[in-house]
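Q: Compact mmCIF, C-alpha atoms, saved as input_16.txt, coming up:
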# COMPACT_ATOMS: atom_id res chain seq x y z
CA MET A 26 -25.48 67.58 -77.40
CA THR A 27 -27.29 70.88 -77.56
CA GLU A 28 -25.84 74.27 -76.78
CA MET A 29 -27.78 74.53 -73.51
CA ASP A 30 -26.71 71.05 -72.44
CA ALA A 31 -23.01 71.87 -72.79
CA THR A 32 -23.18 75.27 -71.11
CA ALA A 33 -25.25 73.87 -68.25
CA GLN A 34 -22.72 71.10 -67.70
CA ILE A 35 -19.74 73.48 -67.84
CA HIS A 36 -21.49 75.79 -65.40
CA ALA A 37 -22.13 72.87 -63.05
CA GLN A 38 -18.49 71.86 -63.17
CA LEU A 39 -17.32 75.41 -62.45
CA THR A 40 -19.61 75.41 -59.42
CA LYS A 41 -18.00 72.11 -58.38
CA CYS A 42 -14.59 73.83 -58.64
CA GLY A 43 -15.77 76.42 -56.11
CA ILE A 44 -15.71 79.31 -58.58
CA LYS A 45 -17.07 82.47 -56.93
CA LEU A 46 -15.93 85.10 -59.43
CA ALA A 47 -16.02 85.17 -63.22
CA ALA A 48 -14.62 87.97 -65.38
CA SER A 49 -15.62 87.97 -69.02
CA LEU A 50 -15.58 89.54 -72.41
CA PRO A 51 -17.65 87.58 -74.91
CA ASP A 52 -17.21 86.18 -78.35
CA ASP A 53 -20.22 84.55 -79.98
CA TRP A 54 -19.22 80.98 -79.10
CA ILE A 55 -18.72 81.60 -75.40
CA ALA A 56 -21.59 84.08 -74.98
CA PRO A 57 -24.18 81.45 -73.88
CA LEU A 58 -21.88 80.30 -71.05
CA ILE A 59 -21.30 83.90 -69.97
CA LYS A 60 -25.05 84.58 -69.96
CA ARG A 61 -25.62 81.53 -67.82
CA ILE A 62 -22.91 82.46 -65.31
CA ALA A 63 -24.15 86.06 -65.18
CA ALA A 64 -27.55 84.75 -64.08
CA ASP A 65 -26.02 82.78 -61.18
CA ASN A 66 -26.07 84.97 -58.09
CA ARG A 67 -23.57 82.68 -56.32
CA ILE A 68 -20.87 83.87 -58.74
CA ARG A 69 -19.71 87.50 -58.87
CA HIS A 70 -19.72 88.33 -62.56
CA VAL A 71 -17.43 91.12 -63.77
CA ARG A 72 -17.89 92.41 -67.31
CA VAL A 73 -14.65 93.93 -68.56
CA ALA A 74 -13.66 96.25 -71.39
CA ARG A 75 -10.53 94.33 -72.37
CA GLU A 76 -9.55 90.72 -71.75
CA ALA A 77 -6.36 91.55 -69.81
CA GLU A 78 -8.59 93.16 -67.18
CA ALA A 79 -10.16 89.74 -66.63
CA VAL A 80 -6.71 88.20 -66.20
CA ALA A 81 -5.67 90.78 -63.60
CA ILE A 82 -9.03 90.69 -61.78
CA CYS A 83 -8.72 86.91 -61.41
CA SER A 84 -5.13 87.37 -60.23
CA GLY A 85 -6.26 89.79 -57.54
CA ALA A 86 -9.07 87.42 -56.55
CA PHE A 87 -6.48 84.67 -56.03
CA PHE A 88 -4.95 86.72 -53.22
CA GLY A 89 -8.39 87.23 -51.71
CA GLY A 90 -8.73 83.46 -51.46
CA VAL A 91 -11.47 83.42 -54.09
CA ARG A 92 -11.55 80.90 -56.95
CA SER A 93 -12.17 82.53 -60.28
CA VAL A 94 -12.32 82.05 -64.02
CA ALA A 95 -11.67 84.35 -67.00
CA LEU A 96 -13.93 83.79 -70.01
CA MET A 97 -13.05 85.09 -73.47
CA GLY A 98 -12.63 84.32 -77.13
CA ALA A 99 -9.39 83.23 -78.77
CA THR A 100 -8.80 86.71 -80.19
CA GLY A 101 -9.05 88.14 -76.70
CA LEU A 102 -6.58 85.60 -75.41
CA LEU A 103 -4.06 86.85 -77.97
CA THR A 104 -4.48 90.41 -76.71
CA CYS A 105 -3.44 89.55 -73.16
CA THR A 106 -0.43 87.31 -73.58
CA GLY A 107 1.88 90.11 -72.40
CA GLU A 108 -0.01 90.46 -69.13
CA LEU A 109 -0.19 86.68 -68.69
CA ALA A 110 3.59 86.56 -69.07
CA THR A 111 4.63 89.57 -66.99
CA LEU A 112 2.07 89.18 -64.20
CA ASN A 113 1.14 85.50 -63.97
CA LEU A 114 4.26 83.80 -65.26
CA ARG A 115 6.56 86.21 -63.46
CA HIS A 116 4.87 85.84 -60.07
CA GLN A 117 3.61 82.25 -60.56
CA ILE A 118 -0.01 83.31 -60.10
CA PRO A 119 -2.49 80.72 -61.39
CA VAL A 120 -5.28 82.00 -63.64
CA PHE A 121 -7.87 79.68 -65.17
CA LEU A 122 -9.11 80.76 -68.59
CA ILE A 123 -11.97 79.29 -70.59
CA VAL A 124 -11.54 80.25 -74.23
CA SER A 125 -13.35 79.45 -77.47
CA GLN A 126 -11.04 77.55 -79.81
CA ARG A 127 -11.56 79.75 -82.84
CA GLY A 128 -10.00 79.12 -86.22
CA SER A 129 -10.59 75.36 -86.13
CA ILE A 130 -11.35 73.48 -89.36
CA ASP A 131 -15.07 73.88 -88.73
CA ASP A 132 -14.79 77.64 -88.08
CA HIS A 133 -15.21 79.26 -91.47
CA ARG A 134 -14.71 82.85 -90.32
CA ILE A 135 -11.81 84.34 -92.24
CA TYR A 136 -10.98 86.74 -89.42
CA GLN A 137 -10.36 83.75 -87.09
CA GLU A 138 -7.92 81.78 -89.25
CA VAL A 139 -4.73 83.25 -87.79
CA GLN A 140 -5.97 82.50 -84.28
CA GLY A 141 -6.51 78.91 -85.40
CA ARG A 142 -2.98 78.57 -86.72
CA ARG A 143 -0.97 80.46 -84.14
CA THR A 144 -2.70 80.38 -80.73
CA ILE A 145 -1.49 76.97 -79.57
CA PRO A 146 2.10 77.47 -80.80
CA LEU A 147 2.06 80.77 -78.89
CA LEU A 148 0.88 79.09 -75.67
CA GLU A 149 3.51 76.41 -76.09
CA SER A 150 6.24 79.01 -76.52
CA TYR A 151 5.19 80.59 -73.22
CA ASP A 152 4.88 77.13 -71.61
CA PHE A 153 1.24 77.79 -70.70
CA PRO A 154 -0.61 74.49 -70.28
CA TYR A 155 -3.90 74.01 -72.12
CA HIS A 156 -6.58 71.38 -72.56
CA VAL A 157 -9.23 71.04 -75.26
CA ILE A 158 -12.77 69.97 -74.46
CA ASP A 159 -14.43 68.71 -77.62
CA ARG A 160 -17.05 66.28 -76.32
CA SER A 161 -19.65 66.53 -73.58
CA GLU A 162 -18.25 63.47 -71.82
CA ASP A 163 -15.00 65.41 -71.23
CA ILE A 164 -16.70 68.29 -69.38
CA GLY A 165 -16.41 66.36 -66.12
CA GLY A 166 -12.64 66.89 -66.31
CA ILE A 167 -12.93 70.62 -65.59
CA PRO A 168 -12.19 70.26 -61.83
CA ASP A 169 -9.01 68.34 -62.71
CA ALA A 170 -8.02 71.11 -65.10
CA PHE A 171 -8.66 73.72 -62.42
CA GLU A 172 -6.54 71.85 -59.89
CA THR A 173 -3.77 71.45 -62.46
CA CYS A 174 -3.84 75.21 -62.97
CA ARG A 175 -3.40 75.75 -59.22
CA MET A 176 -0.57 73.23 -59.02
CA GLN A 177 1.27 74.55 -62.06
CA LYS A 178 0.92 78.13 -60.77
CA ARG A 179 0.54 79.70 -64.19
CA PRO A 180 -2.10 80.49 -66.80
CA PHE A 181 -4.08 77.42 -67.86
CA VAL A 182 -6.30 77.63 -70.94
CA LEU A 183 -9.31 75.38 -71.28
CA PHE A 184 -10.46 75.51 -74.90
CA LEU A 185 -14.05 74.85 -75.90
CA THR A 186 -14.49 73.63 -79.46
CA ARG A 187 -17.19 74.63 -81.90
CA ARG A 188 -18.63 71.13 -81.88
CA LEU A 189 -19.06 71.34 -78.10
CA VAL A 190 -20.64 74.77 -77.87
CA LYS A 191 -22.39 75.11 -81.25
CA GLY A 192 -23.08 71.52 -82.23
CA GLU A 193 -22.02 69.47 -85.25
CA GLY A 194 -21.37 71.03 -88.63
CA ALA A 195 -19.15 73.80 -89.84
CA SER A 196 -20.12 77.45 -89.52
CA ARG A 197 -21.01 79.20 -92.76
CA MET B 9 3.66 118.60 -54.66
CA LYS B 10 6.44 116.01 -54.68
CA ALA B 11 5.52 112.39 -55.34
CA ARG B 12 7.39 111.25 -52.24
CA ASP B 13 5.44 113.69 -50.03
CA ALA B 14 2.11 112.65 -51.54
CA ILE B 15 2.87 108.94 -51.09
CA GLU B 16 4.02 109.51 -47.51
CA ALA B 17 0.75 111.33 -46.78
CA LEU B 18 -1.19 108.33 -48.15
CA ALA B 19 0.92 105.96 -46.06
CA ARG B 20 0.13 107.91 -42.88
CA GLN B 21 -3.64 107.64 -43.53
CA ARG B 22 -3.59 104.08 -44.78
CA GLY B 23 -4.90 102.41 -41.62
CA ASP B 24 -5.66 98.74 -42.29
CA ALA B 25 -5.86 99.10 -46.04
CA VAL B 26 -4.28 96.49 -48.29
CA ALA B 27 -2.41 98.24 -51.10
CA VAL B 28 -1.80 97.44 -54.75
CA CYS B 29 0.83 99.57 -56.50
CA ALA B 30 1.40 100.24 -60.17
CA LEU B 31 4.89 99.37 -61.36
CA GLY B 32 7.65 101.96 -61.32
CA MET B 33 7.56 105.16 -59.34
CA ALA B 34 4.32 104.42 -57.43
CA ALA B 35 5.53 101.01 -56.27
CA ASN B 36 9.03 102.23 -55.44
CA GLU B 37 7.82 105.22 -53.42
CA TRP B 38 5.19 103.13 -51.58
CA TRP B 39 7.86 100.60 -50.64
CA ALA B 40 10.17 103.38 -49.45
CA ALA B 41 7.37 104.89 -47.34
CA THR B 42 5.86 101.71 -45.89
CA ARG B 43 8.20 98.70 -46.28
CA SER B 44 4.91 96.80 -46.17
CA GLU B 45 4.40 93.19 -47.23
CA ASP B 46 0.60 93.49 -47.23
CA SER B 47 1.06 95.47 -50.44
CA PHE B 48 1.42 94.05 -53.94
CA TYR B 49 4.01 95.78 -56.09
CA MET B 50 3.40 95.22 -59.79
CA HIS B 51 6.50 94.43 -61.82
CA GLY B 52 4.75 93.92 -65.13
CA ALA B 53 1.32 94.09 -66.77
CA MET B 54 1.54 97.87 -66.91
CA GLY B 55 -1.94 99.33 -66.53
CA PHE B 56 -3.45 96.35 -64.79
CA ALA B 57 -2.71 97.09 -61.14
CA ALA B 58 -6.17 98.67 -61.26
CA SER B 59 -7.83 95.46 -62.37
CA PHE B 60 -5.80 93.41 -59.88
CA ALA B 61 -6.94 95.75 -57.09
CA LEU B 62 -10.55 95.45 -58.20
CA GLY B 63 -10.38 91.64 -58.13
CA LEU B 64 -8.85 91.82 -54.67
CA ALA B 65 -11.47 94.30 -53.42
CA LEU B 66 -14.36 92.19 -54.74
CA SER B 67 -12.88 89.12 -53.05
CA LEU B 68 -12.33 90.87 -49.70
CA PRO B 69 -15.41 93.05 -49.31
CA ARG B 70 -14.68 93.82 -45.66
CA ALA B 71 -11.06 94.87 -46.24
CA PRO B 72 -10.21 98.36 -47.47
CA VAL B 73 -8.16 98.14 -50.67
CA TRP B 74 -6.12 101.11 -51.85
CA LEU B 75 -4.82 101.25 -55.38
CA ILE B 76 -1.70 103.40 -55.76
CA ASN B 77 -1.79 103.93 -59.50
CA ALA B 78 0.18 106.27 -61.76
CA ASP B 79 -0.89 108.24 -64.81
CA GLY B 80 1.23 106.23 -67.25
CA SER B 81 -0.34 103.01 -66.01
CA LEU B 82 -3.85 104.46 -65.94
CA CYS B 83 -3.56 105.47 -69.59
CA MET B 84 -2.67 101.90 -70.55
CA ASN B 85 -6.01 100.70 -69.20
CA LEU B 86 -8.54 103.55 -69.05
CA GLY B 87 -11.27 100.94 -69.45
CA CYS B 88 -10.60 99.95 -65.83
CA LEU B 89 -12.64 102.99 -64.81
CA LEU B 90 -15.74 101.61 -66.52
CA THR B 91 -15.28 98.27 -64.76
CA GLU B 92 -14.68 99.95 -61.39
CA ALA B 93 -17.80 102.05 -61.82
CA SER B 94 -19.96 99.09 -62.79
CA GLN B 95 -18.75 96.91 -59.91
CA ALA B 96 -19.14 99.71 -57.34
CA ALA B 97 -16.83 98.13 -54.76
CA ARG B 98 -17.38 100.16 -51.58
CA ASN B 99 -13.98 99.14 -50.22
CA LEU B 100 -11.90 100.31 -53.20
CA LYS B 101 -10.04 103.65 -53.29
CA HIS B 102 -8.18 104.50 -56.49
CA PHE B 103 -5.33 107.01 -56.20
CA VAL B 104 -3.38 108.18 -59.24
CA VAL B 105 0.02 109.79 -58.82
CA ALA B 106 0.10 111.97 -61.91
CA ASN B 107 3.34 113.59 -63.03
CA GLY B 108 2.74 113.67 -66.77
CA VAL B 109 5.91 111.74 -67.56
CA TYR B 110 7.32 108.23 -67.65
CA GLN B 111 9.58 108.94 -64.71
CA THR B 112 11.52 105.72 -64.27
CA VAL B 113 12.68 105.71 -67.89
CA GLY B 114 14.05 109.24 -67.72
CA ALA B 115 10.95 111.46 -67.33
CA LEU B 116 9.98 111.36 -71.01
CA PRO B 117 6.67 113.18 -71.53
CA MET B 118 3.44 111.20 -71.61
CA VAL B 119 0.84 111.43 -74.30
CA ASN B 120 -1.04 114.75 -74.06
CA GLU B 121 1.75 116.05 -71.80
CA GLY B 122 -0.16 116.51 -68.55
CA ARG B 123 -3.21 118.27 -70.00
CA THR B 124 -5.64 115.42 -69.36
CA ASP B 125 -8.33 115.75 -66.68
CA TYR B 126 -8.41 112.20 -65.33
CA ALA B 127 -11.00 113.01 -62.65
CA ALA B 128 -13.37 114.17 -65.39
CA ILE B 129 -12.78 110.91 -67.25
CA ALA B 130 -13.53 108.94 -64.06
CA ARG B 131 -16.75 110.91 -63.51
CA GLY B 132 -17.69 110.27 -67.11
CA ALA B 133 -17.16 106.57 -66.52
CA GLY B 134 -19.58 106.70 -63.59
CA ILE B 135 -17.37 107.18 -60.53
CA SER B 136 -19.03 110.15 -58.86
CA ARG B 137 -16.49 110.54 -56.05
CA ALA B 138 -13.65 111.80 -58.23
CA ARG B 139 -11.35 114.73 -57.62
CA SER B 140 -7.94 116.12 -58.45
CA ILE B 141 -5.61 117.44 -55.73
CA GLU B 142 -2.86 119.91 -56.53
CA THR B 143 -1.08 120.64 -53.22
CA LEU B 144 0.16 118.73 -50.22
CA ALA B 145 -1.84 120.96 -47.87
CA GLU B 146 -5.05 120.15 -49.76
CA LEU B 147 -4.19 116.46 -49.72
CA GLU B 148 -3.55 116.47 -45.96
CA GLU B 149 -6.88 118.25 -45.42
CA LEU B 150 -8.98 115.98 -47.65
CA LEU B 151 -7.37 112.60 -47.05
CA PRO B 152 -9.13 111.67 -43.77
CA GLY B 153 -12.46 112.18 -45.48
CA ILE B 154 -11.38 110.24 -48.55
CA ALA B 155 -10.20 107.36 -46.35
CA ALA B 156 -13.53 107.32 -44.51
CA GLU B 157 -15.92 107.64 -47.47
CA ASP B 158 -17.44 104.74 -49.36
CA GLY B 159 -15.81 103.67 -52.57
CA PRO B 160 -15.39 103.50 -55.35
CA SER B 161 -13.51 106.75 -55.29
CA PHE B 162 -10.90 108.21 -57.59
CA THR B 163 -8.32 110.76 -56.48
CA VAL B 164 -5.67 112.27 -58.72
CA LEU B 165 -2.55 113.56 -56.97
CA ARG B 166 -0.88 116.10 -59.23
CA VAL B 167 2.84 115.88 -58.56
CA GLU B 168 5.95 117.41 -60.11
CA PRO B 169 7.90 115.39 -62.64
CA GLU B 170 11.35 114.53 -61.36
CA SER B 171 14.29 113.84 -63.58
CA GLY B 172 16.32 111.43 -61.44
CA PHE B 173 16.53 108.06 -63.13
CA LEU B 174 15.33 105.37 -60.70
CA ARG B 175 15.85 107.83 -57.86
CA THR B 176 14.00 105.64 -55.41
CA PRO B 177 15.07 101.98 -55.53
CA PRO B 178 12.47 99.23 -55.88
CA MET B 179 11.48 96.73 -53.21
CA THR B 180 14.09 94.14 -52.34
CA TYR B 181 12.16 91.05 -53.45
CA GLU B 182 10.28 90.06 -56.57
CA GLY B 183 8.54 87.35 -58.59
CA PRO B 184 7.38 84.28 -56.65
CA GLU B 185 8.75 85.66 -53.38
CA MET B 186 6.45 88.66 -53.73
CA LYS B 187 3.52 86.31 -54.34
CA TYR B 188 4.19 84.32 -51.19
CA ARG B 189 5.06 87.29 -48.96
CA PHE B 190 1.88 89.12 -50.05
CA GLY B 191 -0.36 86.05 -49.82
CA ARG B 192 0.98 85.02 -46.43
CA ALA B 193 0.67 88.61 -45.16
CA LEU B 194 -3.02 88.61 -46.15
CA GLU B 195 -3.57 85.22 -44.53
CA ARG B 196 -2.13 86.54 -41.25
CA LYS B 197 -3.84 89.92 -41.44
CA LEU B 198 -7.30 88.79 -42.55
CA GLY B 199 -7.55 85.17 -41.45
CA ILE B 200 -8.19 83.97 -44.98
CA GLU B 201 -6.72 81.03 -46.88
CA VAL B 202 -4.82 82.05 -50.01
CA PHE B 203 -2.69 78.94 -50.36
CA GLY B 204 -3.96 75.42 -49.82
CA PRO B 205 -2.69 72.85 -47.32
CA GLN B 206 0.18 71.87 -49.61
CA GLY B 207 1.28 75.46 -50.09
CA TYR B 208 0.04 76.16 -53.61
Re-express the file's structure as structure tokens.
A:
Amino acid sequence: MTEMDATAQIHAQLTKCGIKLAASLPDDWIAPLIKRIAADNRIRHVRVAREAEAVAICSGAFFGGVRSVALMGATGLLTCTGELATLNLRHQIPVFLIVSQRGSIDDHRIYQEVQGRRTIPLLESYDFPYHVIDRSEDIGGIPDAFETCRMQKRPFVLFLTRRLVKGEGASR
Amino acid sequence: MKARDAIEALARQRGDAVAVCALGMAANEWWAATRSEDSFYMHGAMGFAASFALGLALSLPRAPVWLINADGSLCMNLGCLLTEASQAARNLKHFVVANGVYQTVGALPMVNEGRTDYAAIARGAGISRARSIETLAELEELLPGIAAEDGPSFTVLRVEPESGFLRTPPMTYEGPEMKYRFGRALERKLGIEVFGPQGY
């Protein structure tokens, strides 16, 4: 599984979901997917200055009847948990987030280790559903994840692992 | 200029615009002036009514979208101006009711205590149609032109701070009910589908 293979497949599945708007702020793992989506003129791509903007933009798009996705790194997800709680949880507005699962055992970046330890417990405390995609054969489940997000009417985080987006082997 | 008078002037010129209101004074005054369900009244995510309005405007390019923001909220998310400028949504009008205080918590002063030129910040971000309005007479004179011009535009309404705690009560519904009232209002008004056949 190469980097391009995975991003191309994720992009194809997002198209299958009917995604017409993507709001993003990159980290290095998710940057190839963002570049690919930005080059797709069927999807309105919104570059933001802070991840919570992406959350609120997607929330507004929901009321315009437009399917959307917010793309960010795990650190960015931590910065917008307040907005996810007080906008999306409070009003039951679904927002679909694709997030790099930083701080995993194969992510040897010291500044990501807290994200690795605390992100999922934080999501669980908010009762935000999440799903981890670790293998290319799981990418086809993205439309199911998107529909689950709509049905559960809350933030849904789809994590992409390092193995999926960067290939085998730990980062050094 | 009083906030109530400024908001009522906006409401009179609103036309078919869908509105998004920042939480607190802006939302409460807009509700008092319009009682409108095709408006979204933020209850949380302070600062992000602007981003919500942008997402709505990009999704409904033929519908005018008015953002009724406030200076406290704007300062929580000044980066929204960069995003608004870059997206250049022609249907988005950004109004900021600026009183220099956090009014609904007792009119405590804001950072920089009213000395900030928000219109200059917006121009610096790339929104060329940016201005600051000091009086109700000036607002009444300029508003028809503002309503008619292409967005994105950015208009600061300088209003007096008022000391009454929660002087104007908030809208009478909240949470999921606000979601469904707003979404259904847009479905009726614009002929779009917000909720699917099973209601979610």
Q: Select, counting all atoms listed in the file, all protein, DNA and RNA residues no farther than 9 Å from (-16.7, 101.2, -56.9) in file coordinates, and express the selection as an NGL selection string.
A: :B and (62 or 91-101 or 135 or 158-161)
Q: Return as JSON the centre and edge lengths, in Å with one decimal, of the box along x, y and z that encloses every atom of region 62-71 of chain B in the file, padded by 5 Å per side.
A:
{"center_x": -12.1, "center_y": 92.3, "center_z": -51.9, "size_x": 16.6, "size_y": 16.3, "size_z": 22.5}
Q: Any idea what's packed within 8 Å of Arg142 (chain A), counting all atoms listed in the file, ignoring anything in its chain fewer than 4 positions away? Could you give it as a ChimeraX atom specification?
A: /A:128,138,146
Q: Compute the chain A side of the contact with chain B at 9 Å, counting all atoms listed in the file, and hand it back as an mmCIF file with C-alpha atoms, keeping the file's coordinate frame.
A:
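Writing done, so here's part_1.cif:
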data_model
loop_
_atom_site.group_PDB
_atom_site.id
_atom_site.type_symbol
_atom_site.label_atom_id
_atom_site.label_comp_id
_atom_site.auth_asym_id
_atom_site.auth_seq_id
_atom_site.Cartn_x
_atom_site.Cartn_y
_atom_site.Cartn_z
ATOM 1 C CA LYS A 45 -17.070 82.470 -56.930
ATOM 2 C CA LEU A 46 -15.930 85.100 -59.430
ATOM 3 C CA ARG A 69 -19.710 87.500 -58.870
ATOM 4 C CA VAL A 71 -17.430 91.120 -63.770
ATOM 5 C CA ARG A 72 -17.890 92.410 -67.310
ATOM 6 C CA VAL A 73 -14.650 93.930 -68.560
ATOM 7 C CA ALA A 74 -13.660 96.250 -71.390
ATOM 8 C CA ARG A 75 -10.530 94.330 -72.370
ATOM 9 C CA ALA A 77 -6.360 91.550 -69.810
ATOM 10 C CA GLU A 78 -8.590 93.160 -67.180
ATOM 11 C CA ALA A 79 -10.160 89.740 -66.630
ATOM 12 C CA VAL A 80 -6.710 88.200 -66.200
ATOM 13 C CA ALA A 81 -5.670 90.780 -63.600
ATOM 14 C CA ILE A 82 -9.030 90.690 -61.780
ATOM 15 C CA CYS A 83 -8.720 86.910 -61.410
ATOM 16 C CA SER A 84 -5.130 87.370 -60.230
ATOM 17 C CA GLY A 85 -6.260 89.790 -57.540
ATOM 18 C CA ALA A 86 -9.070 87.420 -56.550
ATOM 19 C CA PHE A 87 -6.480 84.670 -56.030
ATOM 20 C CA PHE A 88 -4.950 86.720 -53.220
ATOM 21 C CA GLY A 89 -8.390 87.230 -51.710
ATOM 22 C CA GLY A 90 -8.730 83.460 -51.460
ATOM 23 C CA VAL A 91 -11.470 83.420 -54.090
ATOM 24 C CA GLY A 107 1.880 90.110 -72.400
ATOM 25 C CA GLU A 108 -0.010 90.460 -69.130
ATOM 26 C CA LEU A 109 -0.190 86.680 -68.690
ATOM 27 C CA ALA A 110 3.590 86.560 -69.070
ATOM 28 C CA THR A 111 4.630 89.570 -66.990
ATOM 29 C CA LEU A 112 2.070 89.180 -64.200
ATOM 30 C CA LEU A 114 4.260 83.800 -65.260
ATOM 31 C CA ARG A 115 6.560 86.210 -63.460
ATOM 32 C CA HIS A 116 4.870 85.840 -60.070
ATOM 33 C CA GLN A 117 3.610 82.250 -60.560
ATOM 34 C CA ILE A 118 -0.010 83.310 -60.100
ATOM 35 C CA ARG A 175 -3.400 75.750 -59.220
ATOM 36 C CA MET A 176 -0.570 73.230 -59.020
ATOM 37 C CA GLN A 177 1.270 74.550 -62.060
ATOM 38 C CA LYS A 178 0.920 78.130 -60.770
#
Q: In Å, with one decimal, what is the gap from CA of Lys41 (chain A) to CA of Pro168 (chain A)?
A: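 These two atoms are separated by 7.0 Å.
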Q: Would you mind reading off the distance between CA of Met97 (chain A) and CA of Ala56 (chain A), one decimal, in Å?
A: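 These two atoms are separated by 8.7 Å.
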Q: Between CA of Phe184 (chain A) and CA of Ile158 (chain A), what distance in Å does the model show, to one decimal?
A: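 CA of Ile158 (chain A) lies 6.0 Å from CA of Phe184 (chain A).
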Q: Find, counting only C-alpha atoms, the residue in A:Leu102, A:Val182, A:Ile164, A:Val190 that gets nearest to Trp54 (chain A).
A: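 Closest to Trp54 (chain A), using only C-alpha atoms: A:Val190.
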